[in-house]
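S.K.: First the structure, which I've put down as structure tokens, then a few questions once you've had a look.
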Amino acid sequence: MSSTVKTRTDPAAPGERRGSRRKQKGIKGNTLWFWVFVGPFVLGLLIFSYLPIIWSFVLSFFEAYNTATPSKFVGLRNYVDMLTDHNFLSSLGTFTIFAVFIVPLTFVLSLALALLVNQVKIARAFFRSVFFLPTACSYVVASLIWKLSIFNGVRFGLANTVLGWFGVDNIAWLSTVSPPWYWIPLVTVRLWLQLGFYMILFIAGLQRISPTLYEAAYVDGAKPGWQVFRYITLPQLRSTSVAVLILNLIAAYQAFDEFYNLVGNVNYARPPLVYLYGISLGSIQDLGHGSAGALILAVIIMIVTLLQSRIFGFGKAGD
């Protein structure tokens, strides 16, 4: 009996070993090709993202004028200077005003667009593409179009041309502080650029809602329109809505291109990134204070994001 078993199993052993070696060789080959394709991206991420962040953290504790090499250790003095800097605090106030305008408007308009496009039965893909297309446009290009063509302060600008039809004098949109007309081009260019992106997020959320919920609501007597939207659609879009609010607020904190290209580095409309850019890469080139301000801004963004997630319950089971 034992000899019979031996003759049956022994011939299979070399084949199993060869199969195991081929399997290990295949795993090693897959791992090699994985790093061949992913390695350059990981290396670029390390060199151009993580190393600058680490070095910025180091510079925030040193004096570094006109050079990226630290010269004198100053501890937390750069952080104290930035937290007591009137211009830096004023830039945070500018962001707050910008966020008050841009976050609610983006949320409401992108949701309205998503509801309208989702109801379209013909050429739905066309309308999605039309509204999403501005997302592919550069912020710099869009800002220059807004500045030179639409909200130009002379009568040749589109906005002033339309106002001239009604007998309204020309408005210097980007330099008038009282009233602050500059907020109109700043807000509208951001809306035009990002509405399509958030519309797509809401459309994805709308398509996740089961049609049986609407059928049950109609059976229970809910009226099409506001009642269905309030009691069915909006609650089912809770997780998408929170994600849109968080992403939109973070994007508002990171506003730079439209401010810098429309109004420049001016006191009355200067968000944090424009102010930090002026400190770090302007005439002063104070990389120590600039790095400290950038890290303070990063911490503020993290805290606000975590508070939003906590308040709205983002990520909880059932979302």
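Note on naming: chains are A, B, ... as they come in the structure tokens, residues start from 1 per chain, ligands start from 1 in the order shown.
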Any idea what's packed within 10 Å of A:Val140, counting only C-alpha atoms, ignoring anything in its chain fewer than 3 positions away? Could you give it as a ChimeraX atom specification?
M.R.: /A:137,143-146,256-262
S.K.: Can you tell me, as number ranges by chain, which residues in stretch 29-256 of chain A count as alpha helix (DSSP H) by DSSP?
M.R.: A: 29-45, 51-59, 77-83, 86-119, 124-132, 139-145, 158-165, 183-207, 211-219, 226-228, 234-236, 238-253
S.K.: So what do you get for atom CA of A:Leu281 versus atom CA of A:Phe61, distance-wise?
M.R.: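 The value is 18.0 Å.
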S.K.: Compare A:Pro180, A:Pro235, A:Gly167, A:Gly288 by their minimum atom-to-atom distance to A:Ser56, counting only C-alpha atoms, and give me the closest one.
M.R.: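 Selected residue with least distance to A:Ser56: A:Gly288.
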S.K.: Env of A:Met82: 8 Å cut, atoms = only C-alpha atoms, seq-sep filter 5 positions within chain, self excluded. Answer as a ChimeraX atom specification.
M.R.: /A:88,289,292-293
S.K.: Please determine, counting only C-alpha atoms, which residue among A:Ser60, A:Ser71, A:Thr94, A:Ser239 has the shortest atom-to-atom distance to A:Leu186.
M.R.: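 Of A:Ser60, A:Ser71, A:Thr94, A:Ser239, the one nearest A:Leu186, counting only C-alpha atoms, is A:Thr94.
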S.K.: Need to verify the contact set: A:Tyr218, 12 Å, only C-alpha atoms, exclusion of same-chain residues closer than 6 positions in sequence. Can you return it as a list in words?
M.R.: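 Selected residues are Pro211, Thr212, Pro224, Gly225, Gln227, Val228, Tyr231 and Ile232 of chain A.
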S.K.: Which one of A:Val38, A:Leu109, A:Leu213, A:Val58 sits closest to A:Gly75 if you count only C-alpha atoms?
M.R.: A:Val58
